[in-house]
>>> print(open('coords_35.cif').read())   # mmCIF, C-alpha atoms
data_query
#
loop_
_atom_site.label_atom_id
_atom_site.label_comp_id
_atom_site.auth_asym_id
_atom_site.auth_seq_id
_atom_site.Cartn_x
_atom_site.Cartn_y
_atom_site.Cartn_z
CA MET B 665 -5.92 27.25 -7.44
CA MET B 666 -4.23 25.76 -10.48
CA THR B 667 -1.35 27.72 -11.86
CA GLU B 668 0.64 27.34 -15.03
CA GLU B 669 3.45 25.70 -13.11
CA HIS B 670 1.29 22.65 -12.63
CA PHE B 671 0.97 22.04 -16.35
CA ILE B 672 3.58 20.34 -18.43
CA SER B 673 3.85 20.92 -22.13
CA ILE B 674 3.25 17.90 -24.34
CA THR B 675 6.41 18.74 -26.26
CA THR B 676 8.39 18.27 -23.04
CA ILE B 677 6.51 15.09 -22.27
CA CYS B 678 7.16 13.59 -25.70
CA ARG B 679 10.86 14.39 -25.36
CA GLN B 680 11.16 13.03 -21.83
CA TYR B 681 9.35 9.77 -22.45
CA GLU B 682 10.55 9.37 -26.02
CA ILE B 683 7.01 9.06 -27.30
CA ASP B 684 5.36 10.40 -30.39
CA PHE B 685 2.90 13.26 -30.37
CA THR B 686 0.42 11.02 -32.21
CA PHE B 687 0.55 8.58 -29.27
CA VAL B 688 -0.45 11.33 -26.84
CA ASP B 689 -3.12 12.42 -29.28
CA SER B 690 -4.64 8.94 -29.44
CA LEU B 691 -4.60 8.77 -25.62
CA LYS B 692 -6.50 12.02 -25.59
CA ARG B 693 -9.00 10.81 -28.17
CA MET B 694 -9.61 7.65 -26.15
CA GLY B 695 -10.21 9.75 -23.07
CA LEU B 696 -7.29 8.20 -21.23
CA ILE B 697 -5.67 11.55 -20.55
CA GLN B 698 -6.87 15.12 -20.38
CA VAL B 699 -5.08 17.70 -22.47
CA GLU B 700 -5.45 21.40 -21.71
CA ILE B 701 -4.36 24.29 -23.87
CA ILE B 702 -2.26 26.80 -21.95
CA GLU B 703 -1.23 29.80 -24.02
CA GLU B 704 -1.74 27.85 -27.23
CA ASP B 705 0.46 25.08 -25.94
CA PRO B 706 -1.15 21.67 -25.32
CA CYS B 707 -0.32 20.56 -21.78
CA ILE B 708 -1.03 17.85 -19.23
CA HIS B 709 -1.71 18.65 -15.60
CA ALA B 710 1.10 17.48 -13.33
CA ASP B 711 -1.39 15.43 -11.29
CA HIS B 712 -2.02 13.24 -14.34
CA ILE B 713 1.62 12.52 -15.10
CA GLY B 714 1.53 9.45 -12.84
CA ASP B 715 -1.31 8.00 -14.92
CA LEU B 716 0.47 8.84 -18.14
CA GLU B 717 3.58 7.03 -16.91
CA LYS B 718 1.48 4.02 -16.05
CA ILE B 719 -0.03 4.05 -19.55
CA ILE B 720 3.42 4.23 -21.13
CA ARG B 721 4.69 1.34 -18.99
CA LEU B 722 1.68 -0.86 -19.70
CA HIS B 723 2.06 -0.09 -23.40
CA GLN B 724 5.82 -0.53 -23.64
CA ASP B 725 6.54 -3.21 -21.01
CA LEU B 726 3.48 -5.37 -21.51
CA ASN B 727 2.48 -4.59 -25.10
CA VAL B 728 -1.04 -3.67 -24.02
CA ASN B 729 -2.89 -1.66 -26.65
CA LEU B 730 -4.88 1.45 -25.79
CA GLU B 731 -8.22 -0.35 -25.61
CA GLY B 732 -6.62 -2.84 -23.22
CA ILE B 733 -5.22 0.00 -21.10
CA ASP B 734 -8.69 1.53 -20.93
CA VAL B 735 -10.03 -1.79 -19.63
CA VAL B 736 -7.12 -2.12 -17.15
CA PHE B 737 -7.81 1.37 -15.78
CA HIS B 738 -11.51 0.65 -15.31
CA LEU B 739 -10.79 -2.63 -13.57
CA LEU B 740 -8.14 -1.05 -11.35
CA GLU B 741 -10.62 1.60 -10.31
CA LYS B 742 -13.17 -1.08 -9.52
CA GLU B 743 -10.55 -3.03 -7.59
CA ARG B 744 -9.63 0.06 -5.60
CA ALA B 745 -13.26 0.60 -4.62
CA LEU B 746 -13.62 -3.05 -3.66
CA ARG B 747 -10.46 -2.96 -1.57
CA ASN B 748 -11.79 0.08 0.29
CA GLU B 749 -15.03 -1.74 0.93
CA LEU B 750 -13.15 -4.82 2.08
CA ASN B 751 -11.13 -2.69 4.47
CA THR B 752 -14.29 -1.16 5.93
CA LEU B 753 -15.83 -4.61 6.33
CA LYS B 754 -12.68 -6.00 7.95
CA ASN B 755 -12.70 -3.12 10.41
CA ARG B 756 -16.36 -3.81 11.19
CA LEU B 757 -15.61 -7.48 11.76
CA ARG B 758 -13.15 -6.52 14.47
CA ILE B 759 -16.14 -5.64 16.65
CA TYR B 760 -17.15 -9.28 16.77
CA GLU B 761 -13.68 -10.66 17.35
CA SER B 762 -13.08 -11.70 20.92
CA GLU B 763 -10.27 -10.02 22.78
CA MET Y 542 22.80 -16.65 -0.45
CA ALA Y 543 21.28 -19.51 -2.39
CA PHE Y 544 21.46 -20.63 -5.98
CA ILE Y 545 18.54 -19.32 -8.01
CA ASP Y 546 17.10 -21.46 -10.77
CA TYR Y 547 16.18 -18.81 -13.32
CA TYR Y 548 14.70 -21.40 -15.68
CA LYS Y 549 12.33 -22.48 -12.94
CA THR Y 550 11.45 -18.86 -12.19
CA LEU Y 551 10.30 -18.38 -15.78
CA GLY Y 552 8.94 -21.91 -16.04
CA VAL Y 553 10.95 -22.83 -19.13
CA PRO Y 554 13.22 -25.81 -19.86
CA LYS Y 555 16.99 -25.33 -20.06
CA THR Y 556 16.72 -25.83 -23.79
CA ALA Y 557 14.29 -22.94 -24.26
CA THR Y 558 14.91 -20.65 -27.20
CA GLU Y 559 15.26 -16.91 -26.85
CA LYS Y 560 11.75 -16.54 -28.20
CA GLU Y 561 10.32 -18.97 -25.67
CA ILE Y 562 12.09 -17.15 -22.85
CA LYS Y 563 10.73 -13.82 -24.01
CA ALA Y 564 7.20 -15.24 -24.27
CA ALA Y 565 7.39 -16.80 -20.80
CA TYR Y 566 8.70 -13.56 -19.34
CA ARG Y 567 5.98 -11.50 -21.02
CA LYS Y 568 3.26 -13.83 -19.75
CA LEU Y 569 4.51 -13.63 -16.17
CA ALA Y 570 5.12 -9.88 -16.40
CA ARG Y 571 1.48 -9.37 -17.42
CA LYS Y 572 0.47 -11.22 -14.29
CA TYR Y 573 2.81 -9.62 -11.77
CA HIS Y 574 3.47 -6.13 -13.17
CA PRO Y 575 3.32 -3.63 -10.27
CA ASP Y 576 1.02 -1.32 -12.23
CA ILE Y 577 -1.70 -3.92 -12.27
CA ASN Y 578 -1.00 -5.19 -8.75
CA PRO Y 579 -1.01 -2.04 -6.65
CA ASP Y 580 -0.22 -2.51 -2.97
CA ASP Y 581 0.64 -6.18 -3.49
CA LYS Y 582 4.04 -6.97 -2.00
CA GLU Y 583 3.96 -10.59 -3.10
CA ALA Y 584 3.41 -9.59 -6.74
CA GLU Y 585 6.19 -7.01 -6.43
CA ARG Y 586 8.59 -9.68 -5.19
CA LYS Y 587 7.58 -12.05 -7.99
CA PHE Y 588 8.01 -9.31 -10.56
CA LYS Y 589 11.53 -8.63 -9.32
CA GLU Y 590 12.33 -12.33 -9.56
CA ILE Y 591 11.10 -12.71 -13.12
CA ASN Y 592 12.88 -9.50 -14.14
CA GLU Y 593 16.12 -10.84 -12.76
CA ALA Y 594 15.62 -14.20 -14.49
CA HIS Y 595 14.86 -12.39 -17.73
CA GLU Y 596 17.90 -10.18 -17.30
CA VAL Y 597 20.10 -13.26 -17.17
CA LEU Y 598 18.42 -15.60 -19.63
CA SER Y 599 17.57 -13.08 -22.35
CA ASN Y 600 21.15 -11.92 -22.58
CA PRO Y 601 23.17 -14.58 -24.46
CA GLU Y 602 26.39 -13.75 -22.63
CA ASN Y 603 24.78 -13.77 -19.18
CA ARG Y 604 22.94 -16.97 -19.98
CA LYS Y 605 26.11 -18.72 -21.15
CA LYS Y 606 27.90 -17.77 -17.99
CA TYR Y 607 24.98 -18.78 -15.80
CA ASP Y 608 24.64 -22.15 -17.54
CA LYS Y 609 28.34 -22.85 -17.15
CA TYR Y 610 29.05 -21.62 -13.63
CA GLY Y 611 25.69 -20.95 -12.06
CA LYS Y 612 25.53 -23.98 -9.79
CA ASP Y 613 29.16 -23.66 -8.68
CA TRP Y 614 29.11 -19.94 -8.17
CA LYS Y 615 30.49 -20.19 -4.65
CA HIS Y 616 33.33 -22.61 -5.20
CA GLY Y 617 35.55 -23.47 -8.07
CA GLU Y 618 38.57 -21.60 -9.24
CA GLU Y 619 37.25 -21.66 -12.73
CA TYR Y 620 34.32 -19.57 -11.65
CA GLU Y 621 36.55 -17.11 -9.83
CA LYS Y 622 38.72 -16.74 -12.88
CA ALA Y 623 35.74 -16.25 -15.12
CA GLN Y 624 34.35 -13.74 -12.68
CA ARG Y 625 37.49 -11.62 -12.75
CA GLN Y 626 37.68 -11.78 -16.51
CA TYR Y 627 34.06 -10.86 -16.87
CA GLN Y 628 34.31 -7.94 -14.52
CA SER Y 629 37.28 -6.44 -16.28
CA GLN Y 630 35.44 -6.82 -19.55
CA GLN Y 631 32.47 -5.09 -18.08
CA ARG Y 632 34.59 -2.27 -16.79
CA GLN Y 633 36.00 -1.74 -20.24
CA GLN Y 634 32.58 -1.73 -21.75
CA GLN Y 635 31.28 0.62 -19.16
CA SER Y 636 34.06 3.10 -19.58
CA GLN Y 637 33.37 3.13 -23.28
CA TYR Y 638 29.82 4.15 -22.66
CA GLN Y 639 30.52 6.66 -19.95
CA GLY Y 640 28.90 9.97 -20.43
CA GLY Y 641 26.30 8.65 -22.79
CA GLY Y 642 22.72 8.74 -21.73
CA GLN Y 643 20.90 9.48 -18.58
CA SER Y 644 20.52 6.89 -15.91
CA PHE Y 645 16.99 6.54 -14.65
CA GLY Y 646 16.62 5.22 -11.16
CA GLY Y 647 14.46 2.19 -11.60
CA GLY Y 648 14.51 0.83 -8.08
CA GLU Y 649 15.24 -2.63 -9.44
CA ASP Y 650 17.10 -4.49 -6.78
CA PHE Y 651 18.64 -7.76 -7.72
CA SER Y 652 19.42 -10.72 -5.51
CA ASP Y 653 22.80 -11.29 -3.87
CA PHE Y 654 23.20 -14.29 -6.13
CA PHE Y 655 22.85 -12.07 -9.19
CA GLU Y 656 25.17 -9.42 -7.78
CA SER Y 657 27.85 -11.96 -6.93
CA MET Y 658 27.72 -13.50 -10.37
CA PHE Y 659 27.26 -10.50 -12.60
CA GLY Y 660 28.08 -7.52 -10.41
CA GLY Y 661 26.57 -4.21 -11.40
CA GLY Y 662 27.50 -4.71 -15.04
CA GLY Y 663 25.01 -7.49 -15.60
CA ARG Y 664 22.15 -5.09 -15.87
CA ALA Y 665 22.55 -4.67 -19.56
CA SER Y 666 19.22 -3.45 -20.75
CA SER Y 667 17.47 -0.46 -19.32
CA ARG Y 668 13.98 -1.87 -19.61
CA GLN Y 669 12.58 0.65 -17.20
CA SER Y 670 10.78 3.38 -19.07
CA ALA Y 671 12.44 6.75 -19.06
CA ARG Y 672 11.34 8.60 -15.96
CA PHE Y 673 10.31 12.20 -15.64
CA LYS Y 674 8.11 12.32 -12.59
CA GLY Y 675 9.85 11.36 -9.36
CA GLN Y 676 9.24 8.03 -7.71
CA ASP Y 677 6.19 7.60 -5.50
CA PHE Y 678 6.99 6.56 -1.95
CA ASN Y 679 4.87 4.31 0.22
CA ALA Y 680 5.06 4.38 3.98
CA GLU Y 681 3.15 2.78 6.80
CA LEU Y 682 2.39 4.62 9.98
CA HIS Y 683 1.42 2.64 13.06
CA LEU Y 684 -0.63 4.52 15.62
CA ASN Y 685 -2.77 3.67 18.58
CA LEU Y 686 -6.47 4.39 18.63
CA GLU Y 687 -5.96 7.03 21.34
CA ASP Y 688 -3.49 8.83 19.06
CA VAL Y 689 -6.07 9.46 16.35
CA TYR Y 690 -8.79 10.60 18.75
CA THR Y 691 -7.39 14.10 18.30
CA SER Y 692 -5.65 15.68 15.30
CA GLN Y 693 -1.96 15.81 15.82
CA LYS Y 694 1.18 17.02 14.16
CA GLN Y 695 3.95 14.56 13.52
CA VAL Y 696 7.31 14.76 11.85
CA LEU Y 697 8.08 11.72 9.74
CA THR Y 698 11.36 10.79 8.18
CA VAL Y 699 10.81 9.23 4.79
CA ASN Y 700 13.91 8.35 2.76
CA GLY Y 701 15.97 10.70 4.87
CA LYS Y 702 13.64 13.62 4.33
CA LYS Y 703 11.72 15.17 7.20
CA ILE Y 704 8.04 15.62 6.47
CA ARG Y 705 5.72 17.62 8.68
CA LEU Y 706 2.32 16.07 8.75
CA THR Y 707 -0.99 16.80 10.42
CA ILE Y 708 -2.88 13.60 11.01
CA PRO Y 709 -6.58 14.45 11.10
CA ALA Y 710 -8.54 12.95 13.97
CA GLY Y 711 -10.74 10.01 13.04
CA VAL Y 712 -8.43 8.47 10.47
CA GLU Y 713 -9.53 4.90 9.72
CA ASN Y 714 -7.45 1.76 10.09
CA GLY Y 715 -6.01 0.89 6.66
CA GLN Y 716 -6.75 4.33 5.23
CA VAL Y 717 -4.22 5.70 2.75
CA ILE Y 718 -3.56 9.39 2.37
CA LYS Y 719 -1.61 10.95 -0.44
CA ILE Y 720 0.83 13.76 0.20
CA LYS Y 721 1.53 15.50 -3.04
CA GLY Y 722 5.08 16.18 -4.10
CA LYS Y 723 6.73 14.45 -1.13
CA GLY Y 724 8.06 11.51 -3.13
CA GLY Y 725 11.32 11.32 -5.03
CA PRO Y 726 12.60 14.26 -7.06
CA GLY Y 727 11.69 14.49 -10.74
CA VAL Y 728 14.19 14.07 -13.53
CA ASN Y 729 14.99 16.97 -15.90
CA GLY Y 730 12.58 19.29 -14.15
CA GLY Y 731 9.79 16.73 -13.92
CA PRO Y 732 7.32 16.89 -11.06
CA HIS Y 733 8.13 15.30 -7.72
CA GLY Y 734 6.64 11.93 -6.89
CA ASP Y 735 3.98 11.60 -4.20
CA LEU Y 736 4.06 10.07 -0.77
CA TYR Y 737 1.38 7.58 0.17
CA ILE Y 738 0.92 6.92 3.86
CA LYS Y 739 -1.09 3.97 5.04
CA PHE Y 740 -2.37 4.19 8.60
CA ILE Y 741 -2.38 1.09 10.75
CA ILE Y 742 -4.42 1.82 13.85
CA ASN Y 743 -3.86 -0.57 16.72
CA ASN Y 744 -6.56 -0.77 19.30
CA HIS Y 745 -5.60 -1.79 22.82
CA THR Y 746 -8.46 0.07 24.48
CA ALA Y 747 -11.65 -1.27 26.02
CA PHE Y 748 -13.53 0.24 23.06
CA LYS Y 749 -14.32 -1.35 19.75
CA ARG Y 750 -14.56 0.96 16.80
CA GLU Y 751 -16.84 0.84 13.82
CA GLY Y 752 -16.35 3.92 11.72
CA ASN Y 753 -17.22 6.80 14.03
CA ASN Y 754 -19.05 4.70 16.57
CA LEU Y 755 -17.46 3.15 19.61
CA TYR Y 756 -18.70 0.11 21.46
CA LYS Y 757 -18.04 -0.79 25.05
CA ASP Y 758 -19.12 -3.59 27.35
CA VAL Y 759 -19.97 -2.47 30.87
CA ASP Y 760 -20.48 -4.77 33.85
CA LEU Y 761 -23.66 -4.06 35.76
CA ASN Y 762 -24.28 -5.04 39.32
CA LEU Y 763 -27.40 -7.25 39.69
CA TYR Y 764 -29.04 -4.99 42.26
CA THR Y 765 -28.49 -1.85 40.16
CA ALA Y 766 -29.98 -3.67 37.19
CA ILE Y 767 -33.04 -4.71 39.14
CA LEU Y 768 -33.63 -1.64 41.23
CA GLY Y 769 -32.13 0.99 38.94
CA GLY Y 770 -29.40 3.41 39.86
CA GLU Y 771 -26.29 4.96 38.44
CA VAL Y 772 -23.07 3.69 36.87
CA GLU Y 773 -19.99 5.65 35.96
CA ILE Y 774 -18.25 4.71 32.74
CA ASP Y 775 -15.23 6.08 30.93
CA SER Y 776 -15.83 7.37 27.43
CA MET Y 777 -12.79 8.07 25.24
CA SER Y 778 -12.49 11.60 26.60
CA SER Y 779 -14.11 11.69 30.04
CA ALA Y 780 -16.06 9.87 32.72
CA VAL Y 781 -19.80 9.77 32.15
CA LYS Y 782 -22.53 9.05 34.71
CA LEU Y 783 -25.35 6.92 33.37
CA LYS Y 784 -28.78 6.45 34.85
CA VAL Y 785 -29.78 2.80 34.87
CA LYS Y 786 -33.48 2.10 34.58
CA PRO Y 787 -35.00 -0.38 37.04
CA GLU Y 788 -35.39 -3.89 35.65
CA THR Y 789 -32.68 -3.48 33.05
CA SER Y 790 -32.06 -6.81 31.36
CA ASN Y 791 -28.75 -8.36 30.42
CA GLY Y 792 -27.42 -7.22 27.04
CA THR Y 793 -29.32 -3.91 27.05
CA LYS Y 794 -27.69 -1.36 24.78
CA VAL Y 795 -27.53 2.33 25.54
CA ARG Y 796 -26.52 4.84 22.88
CA LEU Y 797 -24.62 7.90 24.05
CA LYS Y 798 -24.87 10.49 21.31
CA GLY Y 799 -21.67 12.31 20.45
CA LYS Y 800 -19.50 10.29 22.83
CA GLY Y 801 -17.97 8.18 20.06
CA PHE Y 802 -15.04 8.76 17.74
CA PRO Y 803 -14.38 12.02 15.88
CA VAL Y 804 -15.62 12.15 12.29
CA TYR Y 805 -12.70 12.34 9.83
CA LYS Y 806 -12.08 15.91 8.67
CA LYS Y 807 -15.29 17.19 10.29
CA GLU Y 808 -14.17 19.11 13.31
CA GLY Y 809 -16.42 19.01 16.31
CA GLN Y 810 -18.50 16.09 14.98
CA TYR Y 811 -18.45 12.81 16.82
CA GLY Y 812 -20.04 9.41 16.42
CA ASP Y 813 -21.90 7.65 19.24
CA LEU Y 814 -20.79 5.42 22.07
CA ILE Y 815 -22.86 2.28 22.39
CA VAL Y 816 -22.72 0.69 25.82
CA THR Y 817 -23.82 -2.91 26.36
CA TYR Y 818 -24.65 -3.92 29.91
CA HIS Y 819 -23.46 -7.25 31.20
CA LEU Y 820 -25.21 -8.29 34.35
CA GLN Y 821 -22.99 -9.71 37.05
CA THR Y 822 -24.47 -12.60 38.99
CA PRO Y 823 -23.38 -12.37 42.64
CA LYS Y 824 -21.01 -15.12 43.72
CA ASN Y 825 -19.98 -16.69 47.06
CA LEU Y 826 -23.34 -15.92 48.61
CA SER Y 827 -23.60 -15.88 52.38
CA GLU Y 828 -26.23 -17.99 54.13
CA ARG Y 829 -28.29 -14.86 54.72
CA GLU Y 830 -28.17 -13.90 51.06
CA LYS Y 831 -29.16 -17.41 50.01
CA GLU Y 832 -32.05 -17.27 52.41
CA LEU Y 833 -33.27 -14.00 50.94
CA PHE Y 834 -32.97 -15.27 47.38
CA LYS Y 835 -34.93 -18.37 48.36
CA GLU Y 836 -37.59 -16.16 49.81
CA LEU Y 837 -37.72 -14.21 46.54
CA GLN Y 838 -37.95 -17.49 44.68
CA SER Y 839 -40.88 -18.65 46.77
CA ILE Y 840 -42.73 -15.40 46.15
CA GLU Y 841 -42.27 -15.87 42.40
CA LYS Y 842 -43.78 -19.36 42.59
#
>>> encode(input="coords_35.cif", output="C-alpha cells")
Amino acid sequence: MMTEEHFISITTICRQYEIDFTFVDSLKRMGLIQVEIIEEDPCIHADHIGDLEKIIRLHQDLNVNLEGIDVVFHLLEKERALRNELNTLKNRLRIYESE
Amino acid sequence: MAFIDYYKTLGVPKTATEKEIKAAYRKLARKYHPDINPDDKEAERKFKEINEAHEVLSNPENRKKYDKYGKDWKHGEEYEKAQRQYQSQQRQQQSQYQGGGQSFGGGEDFSDFFESMFGGGGRASSRQSARFKGQDFNAELHLNLEDVYTSQKQVLTVNGKKIRLTIPAGVENGQVIKIKGKGGPGVNGGPHGDLYIKFIINNHTAFKREGNNLYKDVDLNLYTAILGGEVEIDSMSSAVKLKVKPETSNGTKVRLKGKGFPVYKKEGQYGDLIVTYHLQTPKNLSEREKELFKELQSIEK
C-alpha cells in the first residue's frame, strides 16, 4: 500500500533541485511525470524521483528540450525491451553451443 | 600513470577556442552520457574521460597549467615548483569557500594523471546536478545453475552494507532485479537510491537450459534401442527411470513433463526436461559378435 511517506512535495523537489515550479508543471503537462495531490499539496511519488532526476540531467547537462526528453525516454524503453529480448535469445543460443 | 592528451580526448586542436571546446564536449557528452547509455561500461568510461578533459580545458587556469607542464608532469623541477604553488593557492581558495554550499557526491573519479597534476582542487565546477535521491548501486551476482534450482536466502555486502536477499528459484541468466531503497542514502531527507542486481548464471551441469525447459543428451545402448528396455537418467532433482520403446532411433526426443527448471516466482511449477537419445555403436567387437551381425546383415539382404 502507498502511504504519504512515499510522496514528496513539489515544493521540496523544486528547492532540492533548484528548479522552477513551471518546469515541473510543463513536465506534468507533457506526461513526463505524474503529479498527485496529497492533502492539497502537489507531490511526486518517490518511485518516480529517479526519472525526474534523469530528466533534469538530460535537460541541464545536455540541453535537451522536453520534446527531446520524451523521445529519449521512449527510445530507452524500446532499447530496454530489445536488450531483454537479446538476452533471452542469447540464452537460447547456448543450447546449440558445443561444450 | 600515463600522460593524457585531453585535446585528443575531445578531438579538438591545441588552438581550439573555449567555445569550440565546449561544443566538442557537448557533442561527445550527448553520445556517452550515462543516462542514455544504461548498463554500458564502455560509454561510462568514455564519459568520465571527456568530463576530465573538459574539466581541464574549459578552465583557463587548468588549461594554462596543462599546456605548460602537462607533458613533463613527472619530471622537471619547474613542474614541482608550480605544483606546490598551485596547491597552496588552491588551499587558500578552498578555505575561503569553506562552509558554503552542500557537496553532492557525484561519483566522478578522475585519473591518476589528473590527481597528480591538479589534486582535489582541480575540480572547480560542480557540473553534477544537485542530488536528492541517493545513488543507485549496481551489483553482479554470479551463481551456478544448481544454486537457482531452489529459492535461497543470501546475505550480500554491497558498499559495506549487509543486504538480506531471497533469490527466487528460476532466475534467468542476465536478469536484473531491483531492490528498492538499498542504494545510497538520500540527501536532505531525499529517498534512498535503489540496488540493481544482475544475475550471471554459470552452467557447468550436463543440462542445457532454455527458459524453464532443460535439455539433456543421454547415451543409449544399441541393444536397448533395438529391443526396448529401461534407462536411468538423472534429472536436476532425482533419478528417473525411463522406458525405452523397441526400435528407438538415434536422436529421438522424449519430453518429461515437470522435470525441468522451476518457473520464476511460480512456486511448484516446473518446465519440462527434454531428453535426446544418442545411440552408441558397439566397438571392439569379438569374432562371435561380428559373426552374428553378419548373419543379421544377410537376413536383411
>>> closest_residue(input="coords_35.cif", among="B:Ser690, B:Gln724, B:Thr675, B:Asn729", to="chain Y", atoms="all atoms listed in the file")
B:Gln724
>>> residues_around(input="coords_35.cif", residues="Ser652 of chain Y", least_positions_apart="3", cutoff="12 Å", atoms="all atoms listed in the file", output="JSON, numbers by chain")
{"Y": [542, 543, 544, 545, 547, 586, 589, 590, 591, 592, 593, 594, 596, 597, 649, 655, 656, 657, 658, 659, 660, 661, 663]}
>>> atom_distance(input="coords_35.cif", atom1="atom CA of Ile767 of chain Y", atom2="atom CA of Ala747 of chain Y")
25.3 Å
>>> closest_residue(input="coords_35.cif", among="Y:Val816, Y:Ala570, Y:Ile562, Y:Ile704", to="Asn727 of chain B", atoms="all atoms listed in the file")
Y:Ala570
>>> resolve_selection(input="coords_35.cif", expression="the PyMOL selection byres ((chain B) within 7 of (chain Y))", output="ChimeraX atom specification")
/B:680-681,710,713,718,721,726,751,755-756,759
>>> resolve_selection(input="coords_35.cif", expression="the PyMOL selection byres ((chain B and resi 694) around 12)", output="PyMOL selection string")
chain B and resi 687-693+695-699+729-735
>>> atom_distance(input="coords_35.cif", atom1="atom CA of Lys786 of chain Y", atom2="atom CA of Gln810 of chain Y")
28.4 Å
>>> atom_distance(input="coords_35.cif", atom1="atom CA of Leu739 of chain B", atom2="atom CA of Ile672 of chain B")
27.5 Å
>>> closest_residue(input="coords_35.cif", among="B:Leu753, B:Glu700, B:Lys742, B:Asp725", to="His712 of chain B", atoms="all atoms listed in the file")
B:Glu700
>>> resolve_selection(input="coords_35.cif", expression="the PyMOL selection byres ((chain B and resi 707) around 7)", output="JSON, numbers by chain")
{"B": [671, 672, 673, 674, 699, 700, 701, 702, 705, 706, 708, 709]}
>>> closest_residue(input="coords_35.cif", among="B:Ile720, B:Asp715, B:Arg758, B:Glu704", to="Glu682 of chain B", atoms="all atoms listed in the file")
B:Ile720
